[in-house]
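**Q** Questions regarding the structure given below will be posed in turn.
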Amino acid sequence: IHYTGVDIVPALIARDQASYGCTERRFALCDLVEGELPTAELILCRDCFVHLSYDDTRRALDNFRRSGATWLLTTTFTDPRANHDIVTGDWRPIVLQQAPYGFPEPVTLINEGCTELGGRFADKSLALWRLADLPRW
């Protein structure tokens with residue numbers, strides 16, 4: 001198994017490469033929305049879409065598809081709540097199975113057991129989808 005971690009923060013990449021980098025694990029500077037992503041079977045996109053506008057999320061998903069990856073494991077919330085757009089860089093919980101995303105039922109769902117803010121986001125989960133099954137919205 002080879003792991004490539006990407007982020008847009010140079011200091012974080014340098015720290016992770018120095019601390020955790022090895023032959024099977026490397027870290028690189030990359031913008032998920034516009035950058036050329038490394039080839040991978042699975043993209044783990046944890047706590048990212050919650051910071052992206054609808055438009056940037058759409059662009060990131062298109063970029064994921066261009067990468068040739070088969071699977072996407074990403075953060076979603078499962079309790080019913082209204083999705084709303086933000087300026088990229090802000091934060092809000094999102095339910096990927098609701099509009100405007102319209103994702104189908106995930107192949108699997110892993111509740112993270114989030115206890116922040118007194119359990120206010122106890123529904124925070126990682127969900128697995130085939131990229132080919134995701135709608136283009």
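In the structure tokens, chains take the letters A, B, ... in the order shown, each chain's residues start at 1, and ligands count up from 1 in the order shown.
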Run DSSP on the backbone and grab whatever in range 9-136 of chain A lands in alpha helix (DSSP H); send it over as a PDB file with N, CA, C and O atoms, in the first residue's frame.

**A**
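File states_23.pdb, as written:
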ATOM      1  N   PRO A  10       1.879  24.588   2.829  1.00  0.00           N
ATOM      2  CA  PRO A  10       3.261  24.108   2.704  1.00  0.00           C
ATOM      3  C   PRO A  10       3.892  23.653   4.022  1.00  0.00           C
ATOM      4  O   PRO A  10       4.567  22.626   4.058  1.00  0.00           O
ATOM      5  N   ALA A  11       3.652  24.383   5.101  1.00  0.00           N
ATOM      6  CA  ALA A  11       4.261  24.014   6.389  1.00  0.00           C
ATOM      7  C   ALA A  11       3.745  22.661   6.877  1.00  0.00           C
ATOM      8  O   ALA A  11       4.510  21.874   7.451  1.00  0.00           O
ATOM      9  N   LEU A  12       2.485  22.383   6.655  1.00  0.00           N
ATOM     10  CA  LEU A  12       1.906  21.101   7.056  1.00  0.00           C
ATOM     11  C   LEU A  12       2.521  19.957   6.251  1.00  0.00           C
ATOM     12  O   LEU A  12       2.872  18.910   6.806  1.00  0.00           O
ATOM     13  N   ILE A  13       2.671  20.156   4.961  1.00  0.00           N
ATOM     14  CA  ILE A  13       3.289  19.131   4.106  1.00  0.00           C
ATOM     15  C   ILE A  13       4.728  18.867   4.545  1.00  0.00           C
ATOM     16  O   ILE A  13       5.148  17.717   4.674  1.00  0.00           O
ATOM     17  N   ALA A  14       5.482  19.919   4.791  1.00  0.00           N
ATOM     18  CA  ALA A  14       6.883  19.765   5.214  1.00  0.00           C
ATOM     19  C   ALA A  14       6.957  19.013   6.546  1.00  0.00           C
ATOM     20  O   ALA A  14       7.783  18.102   6.715  1.00  0.00           O
ATOM     21  N   ARG A  15       6.091  19.367   7.492  1.00  0.00           N
ATOM     22  CA  ARG A  15       6.090  18.692   8.796  1.00  0.00           C
ATOM     23  C   ARG A  15       5.740  17.213   8.651  1.00  0.00           C
ATOM     24  O   ARG A  15       6.401  16.340   9.209  1.00  0.00           O
ATOM     25  N   ASP A  16       4.691  16.915   7.881  1.00  0.00           N
ATOM     26  CA  ASP A  16       4.263  15.526   7.725  1.00  0.00           C
ATOM     27  C   ASP A  16       5.300  14.695   6.978  1.00  0.00           C
ATOM     28  O   ASP A  16       5.546  13.541   7.332  1.00  0.00           O
ATOM     29  N   GLN A  17       5.919  15.279   5.956  1.00  0.00           N
ATOM     30  CA  GLN A  17       6.955  14.549   5.224  1.00  0.00           C
ATOM     31  C   GLN A  17       8.133  14.236   6.139  1.00  0.00           C
ATOM     32  O   GLN A  17       8.654  13.117   6.138  1.00  0.00           O
ATOM     33  N   ALA A  18       8.538  15.213   6.955  1.00  0.00           N
ATOM     34  CA  ALA A  18       9.667  15.001   7.882  1.00  0.00           C
ATOM     35  C   ALA A  18       9.316  13.973   8.956  1.00  0.00           C
ATOM     36  O   ALA A  18      10.153  13.147   9.332  1.00  0.00           O
ATOM     37  N   SER A  19       8.091  14.003   9.454  1.00  0.00           N
ATOM     38  CA  SER A  19       7.695  13.123  10.551  1.00  0.00           C
ATOM     39  C   SER A  19       7.247  11.738  10.104  1.00  0.00           C
ATOM     40  O   SER A  19       7.499  10.755  10.798  1.00  0.00           O
ATOM     41  N   TYR A  20       6.567  11.660   8.972  1.00  0.00           N
ATOM     42  CA  TYR A  20       5.921  10.403   8.586  1.00  0.00           C
ATOM     43  C   TYR A  20       6.318   9.876   7.210  1.00  0.00           C
ATOM     44  O   TYR A  20       5.925   8.774   6.836  1.00  0.00           O
ATOM     45  N   TYR A  54     -20.153  25.355  -2.945  1.00  0.00           N
ATOM     46  CA  TYR A  54     -20.747  24.375  -3.854  1.00  0.00           C
ATOM     47  C   TYR A  54     -19.932  24.287  -5.145  1.00  0.00           C
ATOM     48  O   TYR A  54     -19.642  23.192  -5.635  1.00  0.00           O
ATOM     49  N   ASP A  55     -19.575  25.431  -5.708  1.00  0.00           N
ATOM     50  CA  ASP A  55     -18.835  25.451  -6.965  1.00  0.00           C
ATOM     51  C   ASP A  55     -17.480  24.756  -6.822  1.00  0.00           C
ATOM     52  O   ASP A  55     -17.098  23.952  -7.669  1.00  0.00           O
ATOM     53  N   ASP A  56     -16.751  25.043  -5.741  1.00  0.00           N
ATOM     54  CA  ASP A  56     -15.444  24.413  -5.554  1.00  0.00           C
ATOM     55  C   ASP A  56     -15.572  22.921  -5.252  1.00  0.00           C
ATOM     56  O   ASP A  56     -14.719  22.127  -5.660  1.00  0.00           O
ATOM     57  N   THR A  57     -16.641  22.518  -4.576  1.00  0.00           N
ATOM     58  CA  THR A  57     -16.875  21.087  -4.349  1.00  0.00           C
ATOM     59  C   THR A  57     -17.108  20.389  -5.685  1.00  0.00           C
ATOM     60  O   THR A  57     -16.540  19.316  -5.943  1.00  0.00           O
ATOM     61  N   ARG A  58     -17.909  20.994  -6.535  1.00  0.00           N
ATOM     62  CA  ARG A  58     -18.180  20.446  -7.879  1.00  0.00           C
ATOM     63  C   ARG A  58     -16.868  20.302  -8.653  1.00  0.00           C
ATOM     64  O   ARG A  58     -16.609  19.272  -9.288  1.00  0.00           O
ATOM     65  N   ARG A  59     -16.045  21.338  -8.604  1.00  0.00           N
ATOM     66  CA  ARG A  59     -14.764  21.319  -9.319  1.00  0.00           C
ATOM     67  C   ARG A  59     -13.821  20.256  -8.741  1.00  0.00           C
ATOM     68  O   ARG A  59     -13.117  19.571  -9.490  1.00  0.00           O
ATOM     69  N   ALA A  60     -13.809  20.100  -7.422  1.00  0.00           N
ATOM     70  CA  ALA A  60     -12.967  19.072  -6.798  1.00  0.00           C
ATOM     71  C   ALA A  60     -13.430  17.677  -7.221  1.00  0.00           C
ATOM     72  O   ALA A  60     -12.603  16.815  -7.543  1.00  0.00           O
ATOM     73  N   LEU A  61     -14.736  17.450  -7.245  1.00  0.00           N
ATOM     74  CA  LEU A  61     -15.254  16.142  -7.679  1.00  0.00           C
ATOM     75  C   LEU A  61     -14.881  15.854  -9.132  1.00  0.00           C
ATOM     76  O   LEU A  61     -14.502  14.724  -9.465  1.00  0.00           O
ATOM     77  N   ASP A  62     -14.958  16.864  -9.976  1.00  0.00           N
ATOM     78  CA  ASP A  62     -14.530  16.685 -11.373  1.00  0.00           C
ATOM     79  C   ASP A  62     -13.043  16.341 -11.422  1.00  0.00           C
ATOM     80  O   ASP A  62     -12.623  15.486 -12.205  1.00  0.00           O
ATOM     81  N   ASN A  63     -12.266  16.990 -10.585  1.00  0.00           N
ATOM     82  CA  ASN A  63     -10.830  16.720 -10.524  1.00  0.00           C
ATOM     83  C   ASN A  63     -10.573  15.295 -10.026  1.00  0.00           C
ATOM     84  O   ASN A  63      -9.687  14.593 -10.538  1.00  0.00           O
ATOM     85  N   PHE A  64     -11.329  14.842  -9.049  1.00  0.00           N
ATOM     86  CA  PHE A  64     -11.204  13.468  -8.553  1.00  0.00           C
ATOM     87  C   PHE A  64     -11.481  12.481  -9.686  1.00  0.00           C
ATOM     88  O   PHE A  64     -10.773  11.488  -9.853  1.00  0.00           O
ATOM     89  N   ARG A  65     -12.529  12.753 -10.469  1.00  0.00           N
ATOM     90  CA  ARG A  65     -12.852  11.864 -11.598  1.00  0.00           C
ATOM     91  C   ARG A  65     -11.711  11.833 -12.611  1.00  0.00           C
ATOM     92  O   ARG A  65     -11.362  10.777 -13.140  1.00  0.00           O
ATOM     93  N   ARG A  66     -11.137  13.014 -12.901  1.00  0.00           N
ATOM     94  CA  ARG A  66     -10.010  13.086 -13.852  1.00  0.00           C
ATOM     95  C   ARG A  66      -8.798  12.305 -13.358  1.00  0.00           C
ATOM     96  O   ARG A  66      -8.003  11.822 -14.158  1.00  0.00           O
ATOM     97  N   SER A  67      -8.655  12.146 -12.061  1.00  0.00           N
ATOM     98  CA  SER A  67      -7.491  11.448 -11.509  1.00  0.00           C
ATOM     99  C   SER A  67      -7.501   9.958 -11.843  1.00  0.00           C
ATOM    100  O   SER A  67      -6.485   9.294 -11.741  1.00  0.00           O
ATOM    101  N   GLU A 116     -17.076  16.618  19.736  1.00  0.00           N
ATOM    102  CA  GLU A 116     -16.894  18.066  19.821  1.00  0.00           C
ATOM    103  C   GLU A 116     -18.211  18.770  20.102  1.00  0.00           C
ATOM    104  O   GLU A 116     -19.273  18.306  19.695  1.00  0.00           O
ATOM    105  N   LEU A 117     -18.115  19.889  20.782  1.00  0.00           N
ATOM    106  CA  LEU A 117     -19.281  20.719  21.120  1.00  0.00           C
ATOM    107  C   LEU A 117     -20.387  19.894  21.782  1.00  0.00           C
ATOM    108  O   LEU A 117     -21.565  20.011  21.444  1.00  0.00           O
ATOM    109  N   GLY A 118     -19.978  19.055  22.727  1.00  0.00           N
ATOM    110  CA  GLY A 118     -20.948  18.270  23.482  1.00  0.00           C
ATOM    111  C   GLY A 118     -21.721  17.267  22.661  1.00  0.00           C
ATOM    112  O   GLY A 118     -22.850  16.920  22.985  1.00  0.00           O
ATOM    113  N   GLY A 119     -21.127  16.785  21.590  1.00  0.00           N
ATOM    114  CA  GLY A 119     -21.780  15.784  20.741  1.00  0.00           C
ATOM    115  C   GLY A 119     -22.714  16.376  19.703  1.00  0.00           C
ATOM    116  O   GLY A 119     -23.483  15.654  19.071  1.00  0.00           O
TER     117      GLY A 119
END

**Q** Any chance you could list, as a CSV table (one decimal) with N, CA and C atoms, in the first residue's frame, the residues in chain A that come up strand (DSSP E) when DSSP is run on the backbone?

**A**
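Dumped to result_33.csv:
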chain,number,residue,atom,x,y,z
A,3,TYR,N,0.7,5.5,0.2
A,3,TYR,CA,-0.2,6.6,0.6
A,3,TYR,C,0.5,7.9,0.1
A,4,THR,N,-0.3,8.8,-0.5
A,4,THR,CA,0.2,10.1,-0.8
A,4,THR,C,-0.8,11.1,-0.2
A,5,GLY,N,-0.4,11.9,0.8
A,5,GLY,CA,-1.2,12.9,1.4
A,5,GLY,C,-0.9,14.2,0.7
A,6,VAL,N,-2.0,14.9,0.4
A,6,VAL,CA,-1.9,16.3,-0.2
A,6,VAL,C,-2.6,17.3,0.6
A,7,ASP,N,-2.1,18.5,0.6
A,7,ASP,CA,-2.7,19.6,1.3
A,7,ASP,C,-2.2,20.9,0.6
A,25,ARG,N,5.0,6.2,2.0
A,25,ARG,CA,4.2,7.3,2.4
A,25,ARG,C,4.9,8.6,2.1
A,26,ARG,N,4.2,9.4,1.3
A,26,ARG,CA,4.8,10.7,0.9
A,26,ARG,C,3.7,11.8,1.0
A,27,PHE,N,4.1,13.0,1.1
A,27,PHE,CA,3.2,14.2,1.2
A,27,PHE,C,3.6,15.2,0.2
A,28,ALA,N,2.6,15.8,-0.4
A,28,ALA,CA,2.9,16.7,-1.5
A,28,ALA,C,1.9,17.9,-1.4
A,29,LEU,N,2.4,19.0,-1.9
A,29,LEU,CA,1.6,20.2,-2.0
A,29,LEU,C,0.6,20.1,-3.2
A,42,LEU,N,-8.2,4.9,-4.3
A,42,LEU,CA,-9.1,5.5,-3.4
A,42,LEU,C,-8.6,6.9,-3.0
A,43,ILE,N,-9.6,7.9,-3.0
A,43,ILE,CA,-9.3,9.2,-2.5
A,43,ILE,C,-10.0,9.3,-1.1
A,44,LEU,N,-9.2,9.6,-0.1
A,44,LEU,CA,-9.7,9.9,1.2
A,44,LEU,C,-9.7,11.5,1.4
A,45,CYS,N,-10.9,12.0,1.4
A,45,CYS,CA,-11.1,13.5,1.4
A,45,CYS,C,-11.9,13.8,2.7
A,71,TRP,N,-12.6,5.0,-6.1
A,71,TRP,CA,-13.4,5.2,-4.8
A,71,TRP,C,-13.2,6.6,-4.2
A,72,LEU,N,-14.2,7.1,-3.5
A,72,LEU,CA,-14.1,8.3,-2.7
A,72,LEU,C,-14.6,8.0,-1.3
A,73,LEU,N,-13.8,8.2,-0.3
A,73,LEU,CA,-14.1,8.1,1.1
A,73,LEU,C,-14.1,9.5,1.6
A,74,THR,N,-15.2,10.1,2.0
A,74,THR,CA,-15.3,11.5,2.4
A,74,THR,C,-16.2,11.7,3.5
A,75,THR,N,-16.1,12.9,4.1
A,75,THR,CA,-16.9,13.3,5.3
A,75,THR,C,-18.3,13.7,4.8
A,76,THR,N,-19.2,13.2,5.6
A,76,THR,CA,-20.6,13.6,5.4
A,76,THR,C,-21.3,13.6,6.8
A,77,PHE,N,-22.4,14.2,6.9
A,77,PHE,CA,-23.2,14.1,8.2
A,77,PHE,C,-24.5,13.4,7.8
A,108,THR,N,-20.6,2.1,2.2
A,108,THR,CA,-20.5,1.9,3.6
A,108,THR,C,-20.4,3.2,4.3
A,109,LEU,N,-20.7,3.2,5.6
A,109,LEU,CA,-20.7,4.4,6.4
A,109,LEU,C,-20.0,4.2,7.7
A,110,ILE,N,-19.1,5.0,8.1
A,110,ILE,CA,-18.3,4.8,9.3
A,110,ILE,C,-18.6,6.1,10.2
A,111,ASN,N,-19.3,5.9,11.3
A,111,ASN,CA,-19.5,7.1,12.2
A,111,ASN,C,-18.2,7.3,12.9
A,124,LYS,N,-21.3,12.9,12.4
A,124,LYS,CA,-20.2,13.1,11.5
A,124,LYS,C,-19.7,11.7,11.1
A,125,SER,N,-19.6,11.5,9.8
A,125,SER,CA,-19.2,10.1,9.4
A,125,SER,C,-18.3,10.2,8.1
A,126,LEU,N,-17.6,9.1,7.9
A,126,LEU,CA,-16.9,8.9,6.6
A,126,LEU,C,-17.8,7.9,5.8
A,127,ALA,N,-18.0,8.3,4.5
A,127,ALA,CA,-18.9,7.5,3.7
A,127,ALA,C,-18.1,7.1,2.4
A,128,LEU,N,-18.3,5.9,1.9
A,128,LEU,CA,-17.6,5.4,0.8
A,128,LEU,C,-18.5,5.3,-0.4
A,129,TRP,N,-18.1,5.9,-1.5
A,129,TRP,CA,-18.8,5.8,-2.8
A,129,TRP,C,-17.9,5.5,-3.9
A,130,ARG,N,-18.4,4.9,-5.0
A,130,ARG,CA,-17.7,4.8,-6.3
A,130,ARG,C,-17.8,6.1,-6.9

**Q** Here is a test: counting only C-alpha atoms, which residue of A:Thr78, A:Gln97, A:Asn83, A:Thr70 is nearest to Leu131 in chain A?

**A**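 Comparing A:Thr78, A:Gln97, A:Asn83, A:Thr70 against Leu131 in chain A, the winner is A:Thr70.
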
**Q** So the first atom is CA of Pro100 in chain A and the second is CA of Pro38 in chain A; what is the distance between them in Å, to one decimal place?

**A**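 Separation between CA of Pro100 in chain A and CA of Pro38 in chain A: 27.6 Å.
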
**Q** How many Å separate CA of Arg81 in chain A from CA of Pro104 in chain A?

**A** 16.6 Å

**Q** Can you pull out every residue within 9 Å of Arg92 in chain A, counting only C-alpha atoms, but drop anything in the same chain fewer than 2 positions away, and send it as a list in words?

**A**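 Contacts, in chain order: Val50, His51, Asn83, His84, Asp85, Ile86, Asp90 and Ile94 of chain A.
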
**Q** Selection from above, N, CA and C atoms, as a tab-separated table (two decimals), in the first residue's frame, can you write it?

**A**
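Generated file (again_2.tsv):
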chain	number	residue	atom	x	y	z
A	50	VAL	N	-16.54	20.25	3.58
A	50	VAL	CA	-17.22	21.12	4.56
A	50	VAL	C	-16.67	22.54	4.53
A	51	HIS	N	-15.49	22.72	3.92
A	51	HIS	CA	-14.85	24.04	3.80
A	51	HIS	C	-14.96	24.64	2.40
A	83	ASN	N	-28.56	21.87	3.74
A	83	ASN	CA	-27.26	22.29	3.23
A	83	ASN	C	-27.37	23.74	2.80
A	84	HIS	N	-26.29	24.48	2.95
A	84	HIS	CA	-26.25	25.85	2.45
A	84	HIS	C	-24.85	26.14	1.93
A	85	ASP	N	-24.78	27.04	0.98
A	85	ASP	CA	-23.51	27.39	0.36
A	85	ASP	C	-22.70	28.29	1.29
A	86	ILE	N	-21.40	28.28	1.09
A	86	ILE	CA	-20.49	29.13	1.86
A	86	ILE	C	-19.43	29.68	0.91
A	90	ASP	N	-14.76	28.91	4.78
A	90	ASP	CA	-15.66	28.85	5.93
A	90	ASP	C	-15.93	27.37	6.25
A	94	ILE	N	-22.31	19.21	6.14
A	94	ILE	CA	-23.05	18.94	4.90
A	94	ILE	C	-23.54	17.49	4.89

**Q** Would you work out the distance separating CA of Ala69 in chain A from CA of Val107 in chain A, expressed in Å to one decimal?

**A**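 Pair CA of Ala69 in chain A / CA of Val107 in chain A returns 15.8 Å.
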